[in-house]
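Containing mmCIF, C-alpha atoms: coords-v1.cif.
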```
data_protein
loop_
_atom_site.group_PDB
_atom_site.id
_atom_site.type_symbol
_atom_site.label_atom_id
_atom_site.label_comp_id
_atom_site.auth_asym_id
_atom_site.auth_seq_id
_atom_site.Cartn_x
_atom_site.Cartn_y
_atom_site.Cartn_z
ATOM 1 C CA GLY A 1 -3.001 7.931 -21.859
ATOM 2 C CA CYS A 2 0.271 6.243 -22.621
ATOM 3 C CA ASN A 3 2.371 6.279 -25.758
ATOM 4 C CA SER A 4 2.000 3.651 -28.487
ATOM 5 C CA VAL A 5 3.525 0.178 -28.430
ATOM 6 C CA ILE A 6 5.648 1.195 -31.436
ATOM 7 C CA ALA A 7 6.993 4.236 -29.566
ATOM 8 C CA THR A 8 7.810 2.161 -26.479
ATOM 9 C CA SER A 9 9.453 -0.623 -28.510
ATOM 10 C CA THR A 10 11.541 1.898 -30.432
ATOM 11 C CA ALA A 11 12.606 3.705 -27.275
ATOM 12 C CA LEU A 12 13.656 0.420 -25.639
ATOM 13 C CA LYS A 13 16.056 -0.166 -28.544
ATOM 14 C CA LEU A 14 17.607 3.293 -28.235
ATOM 15 C CA THR A 15 18.226 3.814 -24.520
ATOM 16 C CA ASP A 16 18.753 2.084 -21.196
ATOM 17 C CA TYR A 17 15.609 3.463 -19.533
ATOM 18 C CA VAL A 18 12.188 4.257 -20.942
ATOM 19 C CA VAL A 19 9.590 6.204 -18.987
ATOM 20 C CA THR A 20 5.949 5.873 -19.978
ATOM 21 C CA GLU A 21 3.270 8.170 -18.611
ATOM 22 C CA ALA A 22 0.359 5.788 -18.182
ATOM 23 C CA GLY A 23 -2.397 8.223 -17.319
ATOM 24 C CA PHE A 24 -4.256 9.337 -14.256
ATOM 25 C CA GLY A 25 -4.289 7.061 -11.238
ATOM 26 C CA ALA A 26 -3.321 3.514 -10.432
ATOM 27 C CA ASP A 27 -6.998 2.688 -10.865
ATOM 28 C CA LEU A 28 -7.243 4.042 -14.422
ATOM 29 C CA GLY A 29 -4.134 4.543 -16.533
ATOM 30 C CA ALA A 30 -1.761 2.235 -14.710
ATOM 31 C CA GLU A 31 -4.289 -0.610 -14.501
ATOM 32 C CA LYS A 32 -4.869 -0.518 -18.263
ATOM 33 C CA PHE A 33 -1.156 -0.115 -18.974
ATOM 34 C CA MET A 34 -0.236 -3.123 -16.823
ATOM 35 C CA ASN A 35 -3.116 -5.450 -17.693
ATOM 36 C CA ILE A 36 -3.522 -4.615 -21.391
ATOM 37 C CA LYS A 37 -0.573 -2.828 -22.983
ATOM 38 C CA CYS A 38 2.196 -4.683 -21.163
ATOM 39 C CA ARG A 39 0.525 -8.047 -21.764
ATOM 40 C CA LYS A 40 -0.147 -7.475 -25.452
ATOM 41 C CA ALA A 41 3.234 -5.855 -26.167
ATOM 42 C CA GLY A 42 5.305 -8.266 -24.060
ATOM 43 C CA LEU A 43 6.519 -5.472 -21.779
ATOM 44 C CA SER A 44 7.630 -6.022 -18.214
ATOM 45 C CA PRO A 45 8.048 -2.842 -16.156
ATOM 46 C CA SER A 46 10.989 -2.683 -13.758
ATOM 47 C CA VAL A 47 9.649 0.110 -11.539
ATOM 48 C CA VAL A 48 6.574 2.310 -11.208
ATOM 49 C CA VAL A 49 6.578 5.982 -10.266
ATOM 50 C CA CYS A 50 3.389 7.177 -8.625
ATOM 51 C CA VAL A 51 3.161 10.971 -8.740
ATOM 52 C CA ALA A 52 1.542 12.691 -5.767
ATOM 53 C CA THR A 53 1.240 16.235 -4.484
ATOM 54 C CA VAL A 54 0.873 17.664 -1.011
ATOM 55 C CA ARG A 55 -2.031 19.669 -2.411
ATOM 56 C CA ALA A 56 -3.861 16.478 -3.425
ATOM 57 C CA MET A 57 -3.307 14.967 0.012
ATOM 58 C CA LYS A 58 -4.757 18.126 1.595
ATOM 59 C CA MET A 59 -7.791 18.066 -0.704
ATOM 60 C CA ASN A 60 -8.337 14.377 0.070
ATOM 61 C CA GLY A 61 -8.021 15.377 3.723
ATOM 62 C CA GLY A 62 -10.895 17.839 3.403
ATOM 63 C CA VAL A 63 -9.206 21.160 2.614
ATOM 64 C CA ALA A 64 -10.992 23.464 0.158
ATOM 65 C CA LYS A 65 -9.093 24.471 -2.980
ATOM 66 C CA ALA A 66 -8.973 28.092 -1.829
ATOM 67 C CA ASP A 67 -7.153 27.057 1.373
ATOM 68 C CA LEU A 68 -4.468 24.809 -0.111
ATOM 69 C CA GLY A 69 -1.728 27.433 0.304
ATOM 70 C CA SER A 70 -1.790 27.253 4.105
ATOM 71 C CA GLU A 71 0.095 24.586 6.019
ATOM 72 C CA ASN A 72 -2.140 21.775 7.253
ATOM 73 C CA VAL A 73 -0.191 18.674 8.225
ATOM 74 C CA ASP A 74 -3.270 17.031 9.751
ATOM 75 C CA ALA A 75 -5.132 17.294 6.449
ATOM 76 C CA VAL A 76 -2.116 15.856 4.600
ATOM 77 C CA LYS A 77 -2.134 12.882 6.960
ATOM 78 C CA ALA A 78 -5.902 12.491 6.610
ATOM 79 C CA GLY A 79 -5.586 12.475 2.803
ATOM 80 C CA CYS A 80 -2.730 9.987 2.579
ATOM 81 C CA PRO A 81 -4.841 6.781 2.670
ATOM 82 C CA ASN A 82 -5.930 7.557 -0.895
ATOM 83 C CA LEU A 83 -2.252 7.518 -1.914
ATOM 84 C CA GLY A 84 -1.829 4.314 0.055
ATOM 85 C CA ARG A 85 -4.486 2.621 -2.047
ATOM 86 C CA HIS A 86 -2.673 3.643 -5.245
ATOM 87 C CA ILE A 87 0.586 2.232 -3.867
ATOM 88 C CA GLU A 88 -1.195 -1.005 -2.932
ATOM 89 C CA ASN A 89 -2.728 -1.266 -6.416
ATOM 90 C CA LEU A 90 0.623 -0.731 -8.103
ATOM 91 C CA LYS A 91 2.442 -3.204 -5.880
ATOM 92 C CA SER A 92 -0.176 -5.841 -6.744
ATOM 93 C CA PHE A 93 1.476 -6.094 -10.174
ATOM 94 C CA GLY A 94 4.764 -7.216 -8.599
ATOM 95 C CA VAL A 95 6.690 -4.056 -9.465
ATOM 96 C CA PRO A 96 8.560 -1.829 -6.983
ATOM 97 C CA VAL A 97 6.966 1.575 -6.424
ATOM 98 C CA VAL A 98 8.550 4.951 -5.762
ATOM 99 C CA VAL A 99 6.407 8.002 -5.062
ATOM 100 C CA ALA A 100 7.395 11.294 -6.680
ATOM 101 C CA ILE A 101 6.187 14.233 -4.620
ATOM 102 C CA ASN A 102 5.582 16.883 -7.263
ATOM 103 C CA HIS A 103 6.605 19.974 -5.304
ATOM 104 C CA PHE A 104 4.609 23.196 -5.135
ATOM 105 C CA VAL A 105 6.176 26.339 -3.669
ATOM 106 C CA THR A 106 3.501 26.440 -0.953
ATOM 107 C CA ASP A 107 4.412 22.946 0.329
ATOM 108 C CA THR A 108 6.049 23.073 3.736
ATOM 109 C CA ASP A 109 8.807 20.784 4.964
ATOM 110 C CA ALA A 110 6.444 19.332 7.583
ATOM 111 C CA GLU A 111 3.804 18.502 4.957
ATOM 112 C CA VAL A 112 6.363 16.874 2.667
ATOM 113 C CA GLN A 113 7.707 14.866 5.593
ATOM 114 C CA ALA A 114 4.191 13.680 6.457
ATOM 115 C CA VAL A 115 3.847 12.248 2.939
ATOM 116 C CA LYS A 116 7.319 10.671 3.093
ATOM 117 C CA ASP A 117 6.533 9.086 6.461
ATOM 118 C CA PHE A 118 3.231 7.677 5.230
ATOM 119 C CA VAL A 119 4.798 6.256 2.074
ATOM 120 C CA ALA A 120 7.565 4.622 4.120
ATOM 121 C CA GLU A 121 4.847 2.918 6.206
ATOM 122 C CA GLN A 122 3.523 1.480 2.917
ATOM 123 C CA GLY A 123 6.916 -0.079 2.158
ATOM 124 C CA ALA A 124 7.906 2.412 -0.523
ATOM 125 C CA GLU A 125 9.970 5.578 -0.710
ATOM 126 C CA ALA A 126 8.834 9.083 -1.546
ATOM 127 C CA ILE A 127 11.251 11.449 -3.258
ATOM 128 C CA LEU A 128 10.675 15.202 -3.468
ATOM 129 C CA SER A 129 10.813 16.308 -7.099
ATOM 130 C CA ARG A 130 11.371 19.996 -7.772
ATOM 131 C CA HIS A 131 11.670 19.778 -11.552
ATOM 132 C CA TRP A 132 9.232 22.630 -12.170
ATOM 133 C CA GLU A 133 11.367 24.976 -10.094
ATOM 134 C CA LEU A 134 14.875 23.633 -10.759
ATOM 135 C CA GLY A 135 14.627 21.758 -14.064
ATOM 136 C CA SER A 136 16.529 18.491 -14.395
ATOM 137 C CA GLU A 137 18.559 19.251 -11.258
ATOM 138 C CA GLY A 138 15.317 19.222 -9.282
ATOM 139 C CA SER A 139 14.482 15.687 -10.403
ATOM 140 C CA ALA A 140 17.964 14.150 -10.151
ATOM 141 C CA ASP A 141 17.242 12.331 -6.870
ATOM 142 C CA LEU A 142 14.062 10.838 -8.322
ATOM 143 C CA ALA A 143 15.821 9.746 -11.519
ATOM 144 C CA THR A 144 18.629 8.162 -9.495
ATOM 145 C CA LYS A 145 16.164 6.206 -7.342
ATOM 146 C CA VAL A 146 14.190 5.029 -10.361
ATOM 147 C CA ALA A 147 17.371 3.831 -12.060
ATOM 148 C CA GLU A 148 18.487 2.047 -8.864
ATOM 149 C CA LEU A 149 15.173 0.215 -8.598
ATOM 150 C CA ALA A 150 15.140 -0.646 -12.300
ATOM 151 C CA ASP A 151 18.703 -1.963 -12.168
ATOM 152 C CA ALA A 152 18.073 -3.980 -8.992
ATOM 153 C CA GLY A 153 16.043 -6.511 -10.949
ATOM 154 C CA THR A 154 13.555 -7.080 -8.135
ATOM 155 C CA ALA A 155 10.431 -6.649 -10.268
ATOM 156 C CA ASN A 156 8.286 -9.717 -10.715
ATOM 157 C CA PHE A 157 5.686 -8.215 -13.041
ATOM 158 C CA ALA A 158 2.421 -10.049 -13.593
ATOM 159 C CA PRO A 159 -0.993 -8.772 -14.693
ATOM 160 C CA ILE A 160 -3.685 -9.282 -12.056
ATOM 161 C CA TYR A 161 -5.752 -11.693 -14.158
ATOM 162 C CA PRO A 162 -4.971 -14.361 -16.761
ATOM 163 C CA ASP A 163 -5.575 -13.497 -20.409
ATOM 164 C CA GLU A 164 -7.882 -16.481 -20.904
ATOM 165 C CA MET A 165 -10.249 -15.362 -18.122
ATOM 166 C CA SER A 166 -13.757 -14.437 -19.303
ATOM 167 C CA LEU A 167 -14.515 -10.760 -19.814
ATOM 168 C CA ALA A 168 -17.046 -10.762 -16.977
ATOM 169 C CA ASP A 169 -14.497 -12.308 -14.606
ATOM 170 C CA LYS A 170 -11.836 -9.794 -15.682
ATOM 171 C CA ILE A 171 -14.210 -6.940 -14.909
ATOM 172 C CA GLN A 172 -15.045 -8.463 -11.520
ATOM 173 C CA THR A 173 -11.340 -8.945 -10.729
ATOM 174 C CA ILE A 174 -10.542 -5.327 -11.564
ATOM 175 C CA ALA A 175 -13.559 -4.073 -9.614
ATOM 176 C CA LYS A 176 -12.656 -6.091 -6.528
ATOM 177 C CA ARG A 177 -8.860 -5.796 -6.551
ATOM 178 C CA ILE A 178 -8.349 -2.287 -7.914
ATOM 179 C CA TYR A 179 -11.498 -0.415 -6.933
#
```
Mind converting the file's structure to structure tokens?
Amino acid sequence: GCNSVIATSTALKLTDYVVTEAGFGADLGAEKFMNIKCRKAGLSPSVVVCVATVRAMKMNGGVAKADLGSENVDAVKAGCPNLGRHIENLKSFGVPVVVAINHFVTDTDAEVQAVKDFVAEQGAEAILSRHWELGSEGSADLATKVAELADAGTANFAPIYPDEMSLADKIQTIAKRIY
């Protein structure tokens, strides 16, 4: 889940950028963060980072967990539509999206490029993040891109349903637009 409203509000007073981890998936954590927390706390995100892995694309493309260490560009491509749906969901809130490719040492250049190409087709950019391997140096490109998008002021954040909508209609809206 994400941090508290108090933590976010405090952080916004102390620094230029605040990053909130909103939980797993654009259909779970991000949806609740955008529709509930942001609305109730008066927050308006400037950019969203969707974290993806080559391994997840391969699994979504039909590769067994035991075989994830071998290059399989076709499986990466076959698994990318799942990522595309997350990008679509996030964009529906009017906020620019950047995809962070969380690098594993078994990822090949061709597999990473397949993800980058797919994301570009979705109107977003994917940045390779090697923070696990290289520390902050490995995430510098991602941080720079996030700051650029945040500073650009292009976000037009809006929850996907009005607050006064009935609970049943809110549930239907989420089910139809997010799921």
Residues returned when the PyMOL selection byres ((chain A and resi 102) around 7) runs on this file, as a ChimeraX atom specification: /A:51-53,100-101,103-104,128-130
Can you write out as JSON lines which residues of region 117-168 of chain A fall within 10 Å of region 14-21 of chain A, alongside each residue's closest atom pair and its distance in Å to one decimal, counting all atoms listed in the file and ordering rows by chain and ascending residue number?
```
{"residue": "A:Val146", "atom": "CA", "partner": "A:Tyr17", "partner_atom": "CA", "distance": 9.4}
{"residue": "A:Ala147", "atom": "CA", "partner": "A:Tyr17", "partner_atom": "CA", "distance": 7.7}
{"residue": "A:Ala150", "atom": "CA", "partner": "A:Tyr17", "partner_atom": "CA", "distance": 8.3}
{"residue": "A:Asp151", "atom": "CA", "partner": "A:Tyr17", "partner_atom": "CA", "distance": 9.7}
```
I'd like the neighbourhood of region 89-99 of chain A as an mmCIF file with C-alpha atoms, in the frame of the given file, where a residue qualifies if any of its atoms comes within 10 Å (using only C-alpha atoms), though same-chain residues fewer than 4 positions away should be ignored.
```
data_model
loop_
_atom_site.group_PDB
_atom_site.id
_atom_site.type_symbol
_atom_site.label_atom_id
_atom_site.label_comp_id
_atom_site.auth_asym_id
_atom_site.auth_seq_id
_atom_site.Cartn_x
_atom_site.Cartn_y
_atom_site.Cartn_z
ATOM 1 C CA GLY A 25 -4.289 7.061 -11.238
ATOM 2 C CA ALA A 26 -3.321 3.514 -10.432
ATOM 3 C CA ASP A 27 -6.998 2.688 -10.865
ATOM 4 C CA ALA A 30 -1.761 2.235 -14.710
ATOM 5 C CA GLU A 31 -4.289 -0.610 -14.501
ATOM 6 C CA MET A 34 -0.236 -3.123 -16.823
ATOM 7 C CA ASN A 35 -3.116 -5.450 -17.693
ATOM 8 C CA SER A 44 7.630 -6.022 -18.214
ATOM 9 C CA PRO A 45 8.048 -2.842 -16.156
ATOM 10 C CA SER A 46 10.989 -2.683 -13.758
ATOM 11 C CA VAL A 47 9.649 0.110 -11.539
ATOM 12 C CA VAL A 48 6.574 2.310 -11.208
ATOM 13 C CA VAL A 49 6.578 5.982 -10.266
ATOM 14 C CA CYS A 50 3.389 7.177 -8.625
ATOM 15 C CA VAL A 51 3.161 10.971 -8.740
ATOM 16 C CA ALA A 52 1.542 12.691 -5.767
ATOM 17 C CA THR A 53 1.240 16.235 -4.484
ATOM 18 C CA LEU A 83 -2.252 7.518 -1.914
ATOM 19 C CA GLY A 84 -1.829 4.314 0.055
ATOM 20 C CA ARG A 85 -4.486 2.621 -2.047
ATOM 21 C CA VAL A 115 3.847 12.248 2.939
ATOM 22 C CA LYS A 116 7.319 10.671 3.093
ATOM 23 C CA VAL A 119 4.798 6.256 2.074
ATOM 24 C CA ALA A 120 7.565 4.622 4.120
ATOM 25 C CA GLN A 122 3.523 1.480 2.917
ATOM 26 C CA GLY A 123 6.916 -0.079 2.158
ATOM 27 C CA ALA A 124 7.906 2.412 -0.523
ATOM 28 C CA GLU A 125 9.970 5.578 -0.710
ATOM 29 C CA ALA A 126 8.834 9.083 -1.546
ATOM 30 C CA ILE A 127 11.251 11.449 -3.258
ATOM 31 C CA LEU A 128 10.675 15.202 -3.468
ATOM 32 C CA SER A 129 10.813 16.308 -7.099
ATOM 33 C CA LEU A 142 14.062 10.838 -8.322
ATOM 34 C CA LYS A 145 16.164 6.206 -7.342
ATOM 35 C CA VAL A 146 14.190 5.029 -10.361
ATOM 36 C CA LEU A 149 15.173 0.215 -8.598
ATOM 37 C CA ALA A 150 15.140 -0.646 -12.300
ATOM 38 C CA ALA A 152 18.073 -3.980 -8.992
ATOM 39 C CA GLY A 153 16.043 -6.511 -10.949
ATOM 40 C CA THR A 154 13.555 -7.080 -8.135
ATOM 41 C CA ALA A 155 10.431 -6.649 -10.268
ATOM 42 C CA ASN A 156 8.286 -9.717 -10.715
ATOM 43 C CA PHE A 157 5.686 -8.215 -13.041
ATOM 44 C CA ALA A 158 2.421 -10.049 -13.593
ATOM 45 C CA PRO A 159 -0.993 -8.772 -14.693
ATOM 46 C CA ILE A 160 -3.685 -9.282 -12.056
ATOM 47 C CA TYR A 161 -5.752 -11.693 -14.158
ATOM 48 C CA ARG A 177 -8.860 -5.796 -6.551
ATOM 49 C CA ILE A 178 -8.349 -2.287 -7.914
ATOM 50 C CA TYR A 179 -11.498 -0.415 -6.933
#
```
Option closest in space to Asp117 (chain A), from A:Ala66, A:Ala175, A:Ala56, A:Cys80 [counting only C-alpha atoms]: A:Cys80
Minimum-distance residue to Leu43 (chain A), chosen among A:Ser9, A:Ser166, A:Phe118, A:Val105 (using all atoms listed in the file):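 Residue with the minimum atom-to-atom distance to Leu43 (chain A): A:Ser9.
If all atoms listed in the file are the atoms counted, then among A:Ala22, A:Leu134, A:Ala75, A:Ala140 the closest residue to Asn60 (chain A) is A:Ala75.
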All heavy atoms modelled onto region 157-168 of chain A, as a short mmCIF file (atom, residue, chain, number, x, y, z; two decimals), keeping the file's coordinate frame:
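This went into selection_37.cif:
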```
data_model
loop_
_atom_site.label_atom_id
_atom_site.label_comp_id
_atom_site.auth_asym_id
_atom_site.auth_seq_id
_atom_site.Cartn_x
_atom_site.Cartn_y
_atom_site.Cartn_z
N PHE A 157 6.92 -8.71 -12.44
CA PHE A 157 5.69 -8.22 -13.04
C PHE A 157 4.75 -9.34 -13.46
O PHE A 157 5.15 -10.32 -14.07
CB PHE A 157 5.99 -7.34 -14.26
CG PHE A 157 4.77 -6.97 -15.03
CD1 PHE A 157 3.84 -6.09 -14.50
CD2 PHE A 157 4.51 -7.52 -16.27
CE1 PHE A 157 2.68 -5.75 -15.19
CE2 PHE A 157 3.37 -7.20 -16.98
CZ PHE A 157 2.46 -6.31 -16.44
N ALA A 158 3.48 -9.15 -13.14
CA ALA A 158 2.42 -10.05 -13.59
C ALA A 158 1.11 -9.29 -13.60
O ALA A 158 0.77 -8.63 -12.61
CB ALA A 158 2.32 -11.26 -12.68
N PRO A 159 0.35 -9.36 -14.69
CA PRO A 159 -0.99 -8.77 -14.69
C PRO A 159 -1.83 -9.43 -13.60
O PRO A 159 -1.52 -10.53 -13.14
CB PRO A 159 -1.54 -9.11 -16.09
CG PRO A 159 -0.32 -9.33 -16.93
CD PRO A 159 0.70 -9.94 -15.99
N ILE A 160 -2.91 -8.77 -13.19
CA ILE A 160 -3.68 -9.28 -12.06
C ILE A 160 -4.73 -10.32 -12.44
O ILE A 160 -5.41 -10.84 -11.57
CB ILE A 160 -4.35 -8.15 -11.24
CG1 ILE A 160 -5.36 -7.38 -12.08
CG2 ILE A 160 -3.30 -7.23 -10.66
CD1 ILE A 160 -6.24 -6.43 -11.26
N TYR A 161 -4.85 -10.63 -13.73
CA TYR A 161 -5.75 -11.69 -14.16
C TYR A 161 -5.16 -12.38 -15.38
O TYR A 161 -4.41 -11.77 -16.14
CB TYR A 161 -7.16 -11.16 -14.47
CG TYR A 161 -7.19 -10.05 -15.50
CD1 TYR A 161 -7.07 -10.33 -16.86
CD2 TYR A 161 -7.35 -8.73 -15.12
CE1 TYR A 161 -7.09 -9.33 -17.81
CE2 TYR A 161 -7.37 -7.71 -16.06
CZ TYR A 161 -7.25 -8.02 -17.40
OH TYR A 161 -7.26 -7.02 -18.34
N PRO A 162 -5.48 -13.66 -15.58
CA PRO A 162 -4.97 -14.36 -16.76
C PRO A 162 -5.70 -13.91 -18.03
O PRO A 162 -6.89 -13.57 -17.98
CB PRO A 162 -5.23 -15.83 -16.45
CG PRO A 162 -6.30 -15.84 -15.42
CD PRO A 162 -6.20 -14.53 -14.68
N ASP A 163 -5.01 -13.94 -19.14
CA ASP A 163 -5.58 -13.50 -20.41
C ASP A 163 -6.80 -14.32 -20.81
O ASP A 163 -7.75 -13.79 -21.38
CB ASP A 163 -4.50 -13.58 -21.50
CG ASP A 163 -4.79 -12.66 -22.67
OD1 ASP A 163 -5.55 -11.68 -22.50
OD2 ASP A 163 -4.25 -12.92 -23.76
N GLU A 164 -6.79 -15.60 -20.48
CA GLU A 164 -7.88 -16.48 -20.90
C GLU A 164 -9.13 -16.36 -20.04
O GLU A 164 -10.17 -16.94 -20.34
CB GLU A 164 -7.43 -17.94 -20.95
CG GLU A 164 -6.94 -18.50 -19.63
CD GLU A 164 -5.49 -18.18 -19.32
OE1 GLU A 164 -4.78 -17.56 -20.14
OE2 GLU A 164 -5.06 -18.53 -18.20
N MET A 165 -9.09 -15.56 -18.99
CA MET A 165 -10.25 -15.36 -18.12
C MET A 165 -11.38 -14.70 -18.93
O MET A 165 -11.13 -13.91 -19.82
CB MET A 165 -9.85 -14.46 -16.94
CG MET A 165 -10.92 -14.25 -15.90
SD MET A 165 -10.35 -13.14 -14.57
CE MET A 165 -9.69 -14.36 -13.44
N SER A 166 -12.62 -15.04 -18.60
CA SER A 166 -13.76 -14.44 -19.30
C SER A 166 -13.80 -12.93 -19.04
O SER A 166 -13.30 -12.45 -18.02
CB SER A 166 -15.07 -15.07 -18.83
OG SER A 166 -15.40 -14.64 -17.53
N LEU A 167 -14.41 -12.21 -19.95
CA LEU A 167 -14.52 -10.76 -19.81
C LEU A 167 -15.22 -10.38 -18.52
O LEU A 167 -14.78 -9.49 -17.80
CB LEU A 167 -15.23 -10.15 -21.02
CG LEU A 167 -15.40 -8.63 -21.00
CD1 LEU A 167 -14.04 -7.93 -20.90
CD2 LEU A 167 -16.15 -8.16 -22.23
N ALA A 168 -16.30 -11.07 -18.21
CA ALA A 168 -17.05 -10.76 -16.98
C ALA A 168 -16.17 -10.98 -15.75
O ALA A 168 -16.19 -10.17 -14.81
CB ALA A 168 -18.30 -11.62 -16.90
#
```
